[in-house]
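Trainee: Coordinates in upload.cif, mmCIF, C-alpha atoms, are listed below.
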data_entry
#
loop_
_atom_site.group_PDB
_atom_site.id
_atom_site.type_symbol
_atom_site.label_atom_id
_atom_site.label_comp_id
_atom_site.auth_asym_id
_atom_site.auth_seq_id
_atom_site.Cartn_x
_atom_site.Cartn_y
_atom_site.Cartn_z
ATOM 1 C CA MET A 1 10.514 21.057 24.384
ATOM 2 C CA THR A 2 8.658 24.237 25.098
ATOM 3 C CA GLY A 3 8.857 26.637 22.170
ATOM 4 C CA ALA A 4 10.052 23.888 19.832
ATOM 5 C CA ARG A 5 10.212 24.755 16.152
ATOM 6 C CA VAL A 6 9.969 22.609 13.068
ATOM 7 C CA SER A 7 13.340 22.233 11.358
ATOM 8 C CA ALA A 8 14.097 23.408 7.830
ATOM 9 C CA VAL A 9 14.647 19.744 6.925
ATOM 10 C CA SER A 10 11.093 18.860 7.906
ATOM 11 C CA ARG A 11 9.615 21.908 6.206
ATOM 12 C CA ARG A 12 11.370 21.004 2.948
ATOM 13 C CA ALA A 13 10.282 17.367 3.236
ATOM 14 C CA ILE A 14 6.651 18.371 3.792
ATOM 15 C CA ALA A 15 6.726 20.736 0.823
ATOM 16 C CA ARG A 16 8.337 18.085 -1.372
ATOM 17 C CA VAL A 17 5.794 15.407 -0.478
ATOM 18 C CA PHE A 18 2.851 17.719 -1.093
ATOM 19 C CA ASP A 19 4.388 18.656 -4.443
ATOM 20 C CA HIS A 20 4.720 14.986 -5.426
ATOM 21 C CA LEU A 21 1.270 13.757 -4.407
ATOM 22 C CA ASP A 22 -0.946 12.601 -7.267
ATOM 23 C CA TYR A 23 -3.986 14.770 -6.516
ATOM 24 C CA ALA A 24 -5.937 13.541 -9.526
ATOM 25 C CA ALA A 25 -5.714 9.967 -8.248
ATOM 26 C CA LEU A 26 -6.305 11.038 -4.645
ATOM 27 C CA GLY A 27 -9.430 12.869 -5.761
ATOM 28 C CA LYS A 28 -10.925 9.532 -6.793
ATOM 29 C CA VAL A 29 -10.105 8.087 -3.371
ATOM 30 C CA TYR A 30 -11.573 10.934 -1.336
ATOM 31 C CA CYS A 31 -14.479 12.053 -3.524
ATOM 32 C CA TYR A 32 -17.177 10.510 -5.687
ATOM 33 C CA GLU A 33 -16.839 13.525 -7.955
ATOM 34 C CA GLY A 34 -15.062 16.889 -7.966
ATOM 35 C CA GLY A 35 -11.805 15.453 -6.619
ATOM 36 C CA ARG A 36 -9.586 17.955 -8.431
ATOM 37 C CA ASP A 37 -11.498 20.919 -7.020
ATOM 38 C CA PHE A 38 -11.475 19.310 -3.588
ATOM 39 C CA TRP A 39 -7.692 19.075 -3.460
ATOM 40 C CA ARG A 40 -7.215 22.451 -5.068
ATOM 41 C CA ALA A 41 -9.032 23.881 -2.029
ATOM 42 C CA LYS A 42 -7.687 21.507 0.644
ATOM 43 C CA ARG A 43 -4.032 21.016 -0.297
ATOM 44 C CA GLU A 44 -2.597 24.125 1.376
ATOM 45 C CA PRO A 45 -4.839 23.954 4.492
ATOM 46 C CA CYS A 46 -3.776 20.311 4.943
ATOM 47 C CA ARG A 47 -0.115 21.292 4.825
ATOM 48 C CA ARG A 48 -0.480 24.369 7.030
ATOM 49 C CA LEU A 49 -2.812 22.990 9.698
ATOM 50 C CA GLY A 50 -1.046 19.632 9.747
ATOM 51 C CA SER A 51 2.240 21.431 10.375
ATOM 52 C CA GLN A 52 0.667 23.283 13.299
ATOM 53 C CA ILE A 53 -0.325 20.002 14.924
ATOM 54 C CA GLY A 54 3.122 18.575 14.196
ATOM 55 C CA THR A 55 4.685 21.575 15.932
ATOM 56 C CA ALA A 56 2.455 20.952 18.950
ATOM 57 C CA LEU A 57 3.611 17.320 19.034
ATOM 58 C CA LEU A 58 7.248 18.478 19.184
ATOM 59 C CA ALA A 59 6.533 19.888 22.635
ATOM 60 C CA ARG A 60 4.751 16.749 23.829
ATOM 61 C CA LEU A 61 6.679 13.756 22.514
ATOM 62 C CA LYS A 62 10.107 12.446 23.430
ATOM 63 C CA PRO A 63 12.772 11.743 20.802
ATOM 64 C CA GLY A 64 13.213 8.131 19.795
ATOM 65 C CA GLY A 65 9.722 6.928 20.726
ATOM 66 C CA ARG A 66 7.098 5.137 18.639
ATOM 67 C CA SER A 67 3.776 6.386 17.264
ATOM 68 C CA LEU A 68 0.832 4.460 15.842
ATOM 69 C CA TYR A 69 -1.351 6.384 13.373
ATOM 70 C CA VAL A 70 -4.754 4.788 12.737
ATOM 71 C CA GLY A 71 -6.439 5.631 9.424
ATOM 72 C CA ALA A 72 -3.638 8.026 8.447
ATOM 73 C CA GLY A 73 -3.773 9.848 5.112
ATOM 74 C CA VAL A 74 -2.762 13.113 3.479
ATOM 75 C CA ALA A 75 -3.773 15.289 6.436
ATOM 76 C CA GLU A 76 -1.446 13.403 8.775
ATOM 77 C CA LEU A 77 1.652 13.715 6.568
ATOM 78 C CA PRO A 78 3.079 16.906 8.154
ATOM 79 C CA ALA A 79 2.782 15.607 11.715
ATOM 80 C CA MET A 80 4.295 12.238 10.825
ATOM 81 C CA LEU A 81 7.218 13.781 8.954
ATOM 82 C CA ILE A 82 7.942 16.194 11.813
ATOM 83 C CA GLU A 83 7.916 13.305 14.283
ATOM 84 C CA SER A 84 10.174 11.201 12.090
ATOM 85 C CA LEU A 85 12.679 13.847 10.999
ATOM 86 C CA ASP A 86 12.827 16.193 13.992
ATOM 87 C CA LEU A 87 12.349 13.708 16.825
ATOM 88 C CA HIS A 88 13.777 10.603 15.093
ATOM 89 C CA ARG A 89 10.746 8.612 16.142
ATOM 90 C CA SER A 90 9.399 5.435 14.571
ATOM 91 C CA VAL A 91 6.077 6.324 12.941
ATOM 92 C CA LEU A 92 3.741 3.547 11.787
ATOM 93 C CA PRO A 93 0.724 4.778 9.768
ATOM 94 C CA TYR A 94 -2.057 2.298 8.952
ATOM 95 C CA ASN A 95 -4.794 2.838 6.377
ATOM 96 C CA LEU A 96 -7.283 0.295 5.006
ATOM 97 C CA ARG A 97 -7.589 2.064 1.625
ATOM 98 C CA ARG A 98 -4.970 0.272 -0.457
ATOM 99 C CA ARG A 99 -5.061 2.745 -3.334
ATOM 100 C CA GLU A 100 -4.373 5.671 -1.029
ATOM 101 C CA VAL A 101 -1.552 3.787 0.688
ATOM 102 C CA ALA A 102 0.118 3.140 -2.661
ATOM 103 C CA LEU A 103 -0.131 6.812 -3.631
ATOM 104 C CA LEU A 104 1.221 7.992 -0.278
ATOM 105 C CA ASN A 105 4.126 5.559 -0.333
ATOM 106 C CA ARG A 106 5.020 6.689 -3.841
ATOM 107 C CA ALA A 107 5.181 10.322 -2.705
ATOM 108 C CA CYS A 108 7.217 9.386 0.411
ATOM 109 C CA ARG A 109 9.588 6.902 -1.222
ATOM 110 C CA ALA A 110 12.681 9.079 -0.546
ATOM 111 C CA LEU A 111 11.744 9.570 3.119
ATOM 112 C CA PRO A 112 11.806 7.342 6.241
ATOM 113 C CA LEU A 113 8.024 6.911 6.211
ATOM 114 C CA ARG A 114 6.043 3.913 4.998
ATOM 115 C CA PHE A 115 2.285 3.419 5.078
ATOM 116 C CA TYR A 116 0.708 0.003 5.730
ATOM 117 C CA ALA A 117 -2.489 -1.153 4.023
ATOM 118 C CA ALA A 118 -3.693 -3.174 6.984
ATOM 119 C CA ASP A 119 -5.687 -3.077 10.204
ATOM 120 C CA ALA A 120 -3.818 -1.048 12.839
ATOM 121 C CA ALA A 121 -4.569 -3.820 15.329
ATOM 122 C CA ARG A 122 -1.838 -5.818 13.564
ATOM 123 C CA ALA A 123 0.830 -3.276 14.517
ATOM 124 C CA SER A 124 3.362 -4.502 17.047
ATOM 125 C CA GLY A 125 3.515 -2.330 20.152
ATOM 126 C CA PRO A 126 4.270 -0.769 22.436
ATOM 127 C CA PHE A 127 3.752 2.870 21.423
ATOM 128 C CA ASP A 128 3.965 6.010 23.529
ATOM 129 C CA HIS A 129 1.719 7.973 21.131
ATOM 130 C CA LEU A 130 -1.520 6.966 19.446
ATOM 131 C CA TRP A 131 -3.123 9.070 16.691
ATOM 132 C CA ILE A 132 -6.753 8.150 16.101
ATOM 133 C CA VAL A 133 -8.654 10.937 14.344
ATOM 134 C CA SER A 134 -11.903 10.662 12.380
ATOM 135 C CA VAL A 135 -11.967 6.888 12.810
ATOM 136 C CA LEU A 136 -14.391 6.114 15.615
ATOM 137 C CA ASN A 137 -17.181 8.383 14.316
ATOM 138 C CA ASP A 138 -16.700 7.675 10.612
ATOM 139 C CA PRO A 139 -20.178 8.134 9.060
ATOM 140 C CA GLU A 140 -19.395 5.711 6.217
ATOM 141 C CA ARG A 141 -18.408 2.882 8.535
ATOM 142 C CA PHE A 142 -20.623 3.743 11.518
ATOM 143 C CA PRO A 143 -23.677 5.578 10.142
ATOM 144 C CA GLN A 144 -25.974 5.103 13.148
ATOM 145 C CA LEU A 145 -23.286 5.920 15.692
ATOM 146 C CA ALA A 146 -22.209 9.037 13.755
ATOM 147 C CA ALA A 147 -25.798 10.227 13.385
ATOM 148 C CA LEU A 148 -26.332 9.979 17.134
ATOM 149 C CA SER A 149 -22.948 11.558 17.972
ATOM 150 C CA TYR A 150 -23.590 14.602 15.817
ATOM 151 C CA GLY A 151 -27.239 15.056 16.771
ATOM 152 C CA ARG A 152 -28.538 14.003 13.353
ATOM 153 C CA ALA A 153 -30.348 10.835 14.382
ATOM 154 C CA VAL A 154 -33.972 10.718 13.244
ATOM 155 C CA PRO A 155 -36.150 8.891 15.831
ATOM 156 C CA VAL A 156 -38.373 7.345 13.144
ATOM 157 C CA THR A 157 -35.488 5.774 11.201
ATOM 158 C CA PHE A 158 -32.736 5.390 13.827
ATOM 159 C CA ASP A 159 -31.776 1.713 14.160
ATOM 160 C CA ALA A 160 -30.844 1.092 17.785
ATOM 161 C CA GLY A 161 -29.828 -2.497 17.047
ATOM 162 C CA VAL A 162 -27.315 -1.446 14.408
ATOM 163 C CA PHE A 163 -26.066 1.293 16.731
ATOM 164 C CA ARG A 164 -25.311 -1.266 19.460
ATOM 165 C CA GLN A 165 -23.342 -3.342 16.953
ATOM 166 C CA GLU A 166 -21.380 -0.300 15.822
ATOM 167 C CA ARG A 167 -20.688 0.725 19.424
ATOM 168 C CA ASN A 168 -19.300 -2.718 20.189
ATOM 169 C CA ILE A 169 -17.032 -2.571 17.131
ATOM 170 C CA VAL A 170 -15.714 0.863 18.158
ATOM 171 C CA ARG A 171 -14.993 -0.380 21.665
ATOM 172 C CA VAL A 172 -13.030 -3.280 20.216
ATOM 173 C CA ILE A 173 -11.009 -0.899 18.011
ATOM 174 C CA VAL A 174 -10.266 1.376 20.960
ATOM 175 C CA ASN A 175 -9.261 -1.541 23.176
ATOM 176 C CA ARG A 176 -6.939 -3.049 20.566
ATOM 177 C CA CYS A 177 -5.218 0.267 19.936
ATOM 178 C CA LEU A 178 -4.984 1.557 23.501
ATOM 179 C CA SER A 179 -3.748 -1.798 24.773
ATOM 180 C CA LYS A 180 -0.585 -1.063 22.761
ATOM 181 C CA LEU A 181 -0.059 2.331 24.448
ATOM 182 C CA THR A 182 2.450 2.721 27.251
ATOM 183 C CA VAL A 183 1.195 4.469 30.378
ATOM 184 C CA PRO A 184 1.813 7.319 30.695
ATOM 185 C CA GLY A 185 1.248 7.996 27.006
ATOM 186 C CA LEU A 186 -0.282 10.498 24.621
ATOM 187 C CA VAL A 187 -3.371 10.170 22.421
ATOM 188 C CA THR A 188 -4.162 12.598 19.597
ATOM 189 C CA THR A 189 -7.834 12.448 18.688
ATOM 190 C CA SER A 190 -10.786 14.587 17.635
ATOM 191 C CA THR A 191 -12.915 16.312 20.236
ATOM 192 C CA GLU A 192 -15.879 14.090 19.275
ATOM 193 C CA GLU A 193 -13.860 10.912 19.824
ATOM 194 C CA VAL A 194 -12.584 11.863 23.278
ATOM 195 C CA VAL A 195 -15.538 10.073 24.878
ATOM 196 C CA TRP A 196 -14.403 6.717 23.493
ATOM 197 C CA ILE A 197 -10.872 7.105 24.853
ATOM 198 C CA ALA A 198 -12.258 8.318 28.178
ATOM 199 C CA ASP A 199 -14.635 5.335 28.310
ATOM 200 C CA TRP A 200 -11.675 2.957 27.894
ATOM 201 C CA CYS A 201 -9.736 4.759 30.625
ATOM 202 C CA HIS A 202 -12.692 4.524 33.028
ATOM 203 C CA ARG A 203 -13.090 0.831 32.287
ATOM 204 C CA HIS A 204 -9.412 0.254 33.104
ATOM 205 C CA SER A 205 -9.234 2.678 36.047
ATOM 206 C CA ILE A 206 -6.577 4.760 34.291
ATOM 207 C CA PRO A 207 -6.553 8.533 34.913
ATOM 208 C CA TYR A 208 -6.397 10.884 31.950
ATOM 209 C CA LEU A 209 -6.114 14.547 31.113
ATOM 210 C CA VAL A 210 -7.815 16.260 28.166
ATOM 211 C CA GLU A 211 -5.695 19.290 27.310
ATOM 212 C CA ARG A 212 -7.340 22.692 27.101
ATOM 213 C CA THR A 213 -6.049 23.620 23.657
ATOM 214 C CA TYR A 214 -7.405 22.116 20.459
ATOM 215 C CA TYR A 215 -6.439 22.518 16.838
ATOM 216 C CA PRO A 216 -8.490 22.950 13.641
ATOM 217 C CA THR A 217 -8.028 20.504 10.786
ATOM 218 C CA ALA A 218 -8.502 20.755 7.024
ATOM 219 C CA LEU A 219 -10.385 17.503 6.355
ATOM 220 C CA VAL A 220 -11.883 16.497 9.711
ATOM 221 C CA GLY A 221 -14.931 18.454 10.821
ATOM 222 C CA ASP A 222 -13.979 18.242 14.504
ATOM 223 C CA PRO A 223 -10.913 19.909 16.036
ATOM 224 C CA VAL A 224 -8.014 17.769 17.244
ATOM 225 C CA CYS A 225 -6.898 17.648 20.863
ATOM 226 C CA PHE A 226 -4.387 15.810 23.034
ATOM 227 C CA MET A 227 -5.165 13.392 25.846
ATOM 228 C CA ARG A 228 -2.516 12.432 28.388
ATOM 229 C CA ILE A 229 -3.230 8.848 29.406
ATOM 230 C CA GLY A 230 -2.035 7.943 32.872
ATOM 231 C CA SER A 231 -1.895 11.560 34.040
ATOM 232 C CA THR A 232 -2.625 12.074 37.726
ATOM 233 C CA ARG A 233 -3.665 15.681 37.206
ATOM 234 C CA GLY A 234 -7.327 16.693 37.050
ATOM 235 C CA ARG A 235 -9.293 16.656 33.804
ATOM 236 C CA ARG A 236 -9.818 19.937 31.984
ATOM 237 C CA GLN A 237 -12.209 21.388 29.470
ATOM 238 C CA HIS A 238 -11.373 22.318 25.882
ATOM 239 C CA ARG A 239 -10.789 25.779 24.509
ATOM 240 C CA THR A 240 -10.110 26.843 20.952
ATOM 241 C CA GLN A 241 -6.537 27.353 19.758
ATOM 242 C CA GLY A 242 -5.972 30.885 18.629
#
Mind converting the file's structure to structure tokens?

Mentor:
Amino acid sequence: MTGARVSAVSRRAIARVFDHLDYAALGKVYCYEGGRDFWRAKREPCRRLGSQIGTALLARLKPGGRSLYVGAGVAELPAMLIESLDLHRSVLPYNLRRREVALLNRACRALPLRFYAADAARASGPFDHLWIVSVLNDPERFPQLAALSYGRAVPVTFDAGVFRQERNIVRVIVNRCLSKLTVPGLVTTSTEEVVWIADWCHRHSIPYLVERTYYPTALVGDPVCFMRIGSTRGRRQHRTQG
């Protein structure tokens, strides 16, 4: 679907959902303090940049398929709605934060999109698209791993034992999610998390392609890119979208 465009139906649905989100309550989920100011600054970038990624997915996904979104929240709403409404795909978003799930489901109650407050490993596959962004390097859940990934590890205080535990947990998460992906399939992930998907592919002798283009996001510090799992073409380097 080269040159695909988001439909007016999807654009209206995205605008309606963002209008109906409870930003005061979401501020308490995302921030220890200053939640109102946070969403005042991030609301429009989330909608705009999320719609850009959703438009990119239109050109990469087939109608009628299934997508698993791991740790999905506000930033993923545009992409999920575009998939659901323009491509008539089944979209299953999982998020362990029950309060956020309740708020998102309330805003989406008139749309064919439901969030699940559960571990994504419980989702029934198969899926031809996996979204896993800002999950594998989450500094709150994996502090030692994140510190090392982003070059912030302090040799005096870095706990190698904890890092090994965190690495094993991440590998389990990746294996459980990617084992549900059909091959060939598509993975949307951050540029910092590519190494974990690539590691799984190497372990299973599955070829992959990291696309050249990547996309900025409003909430995630790292850009988002697409990986084609099962591709027989050569791997490529990233370049900035723009």

Trainee: Which residue out of A:Trp196, A:Phe115, A:Tyr150, A:Phe226 has the minimum interatomic distance to A:Leu209 when only C-alpha atoms are used?

Mentor: A:Phe226

Trainee: Give me the result of the PyMOL selection byres ((chain A and resi 94) around 8) on this file, residue by residue, as a PDB file with C-alpha atoms, in the frame of the given file.

Mentor:
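New file part.pdb:
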ATOM      1  CA  LEU A  68       0.832   4.460  15.842  1.00  0.00           C
ATOM      2  CA  TYR A  69      -1.351   6.384  13.373  1.00  0.00           C
ATOM      3  CA  VAL A  70      -4.754   4.788  12.737  1.00  0.00           C
ATOM      4  CA  GLY A  71      -6.439   5.631   9.424  1.00  0.00           C
ATOM      5  CA  ALA A  72      -3.638   8.026   8.447  1.00  0.00           C
ATOM      6  CA  LEU A  92       3.741   3.547  11.787  1.00  0.00           C
ATOM      7  CA  PRO A  93       0.724   4.778   9.768  1.00  0.00           C
ATOM      8  CA  ASN A  95      -4.794   2.838   6.377  1.00  0.00           C
ATOM      9  CA  LEU A  96      -7.283   0.295   5.006  1.00  0.00           C
ATOM     10  CA  PHE A 115       2.285   3.419   5.078  1.00  0.00           C
ATOM     11  CA  TYR A 116       0.708   0.003   5.730  1.00  0.00           C
ATOM     12  CA  ALA A 117      -2.489  -1.153   4.023  1.00  0.00           C
ATOM     13  CA  ALA A 118      -3.693  -3.174   6.984  1.00  0.00           C
ATOM     14  CA  ASP A 119      -5.687  -3.077  10.204  1.00  0.00           C
ATOM     15  CA  ALA A 120      -3.818  -1.048  12.839  1.00  0.00           C
TER      16      ALA A 120
END

Trainee: Let me know the centre plus edge lengths, in Å and rounded to one decimal, of a box with edges along x, y and z that contains all listed atoms of stretch 78-87 of chain A and is padded by 8 Å on every side, as JSON.

Mentor:
{"center_x": 7.8, "center_y": 14.1, "center_z": 12.5, "size_x": 26.0, "size_y": 21.7, "size_z": 24.7}

Trainee: Could you spell out the hits of the PyMOL selection byres ((chain A and resi 161-167) around 7) on the shown file, as an mmCIF file with C-alpha atoms, keeping the file's coordinate frame?

Mentor:
data_model
loop_
_atom_site.group_PDB
_atom_site.id
_atom_site.type_symbol
_atom_site.label_atom_id
_atom_site.label_comp_id
_atom_site.auth_asym_id
_atom_site.auth_seq_id
_atom_site.Cartn_x
_atom_site.Cartn_y
_atom_site.Cartn_z
ATOM 1 C CA PHE A 142 -20.623 3.743 11.518
ATOM 2 C CA GLN A 144 -25.974 5.103 13.148
ATOM 3 C CA LEU A 145 -23.286 5.920 15.692
ATOM 4 C CA ASP A 159 -31.776 1.713 14.160
ATOM 5 C CA ALA A 160 -30.844 1.092 17.785
ATOM 6 C CA ASN A 168 -19.300 -2.718 20.189
ATOM 7 C CA ILE A 169 -17.032 -2.571 17.131
ATOM 8 C CA VAL A 170 -15.714 0.863 18.158
ATOM 9 C CA ARG A 171 -14.993 -0.380 21.665
#

Trainee: Could you tell me how far atom CA of A:Val172 lies from atom CA of A:Ala121, in Å and to one decimal?

Mentor: 9.8 Å

Trainee: Neighbouring residues of A:Leu77 were defined as those with any atom within 10 Å, considering all atoms listed in the file; residues of the same chain fewer than 5 positions away were excluded. Please report them as a list of chain:residue names.

Mentor: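 Near neighbours after the sequence-gap exclusion: A:Ala13, A:Ile14, A:Val17, A:Phe18, A:Cys46, A:Arg47, A:Gly50, A:Ser51, A:Gly54, A:Ala72, A:Ile82, A:Glu83, A:Pro93, A:Leu104, A:Cys108, A:Leu113.
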
Trainee: Can you list, as a PyMOL selection string, the residues that the PyMOL selection byres ((chain A and resi 61) around 10) selects here?

Mentor: chain A and resi 1+56-60+62-67+83+87+89+128-129+185-186

Trainee: Could you jot down the atom CA of A:Asn175 to atom CA of A:Ser190 separation for me, Å, one decimal place?

Mentor: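 Value for the atom CA of A:Asn175-atom CA of A:Ser190 distance: 17.1 Å.
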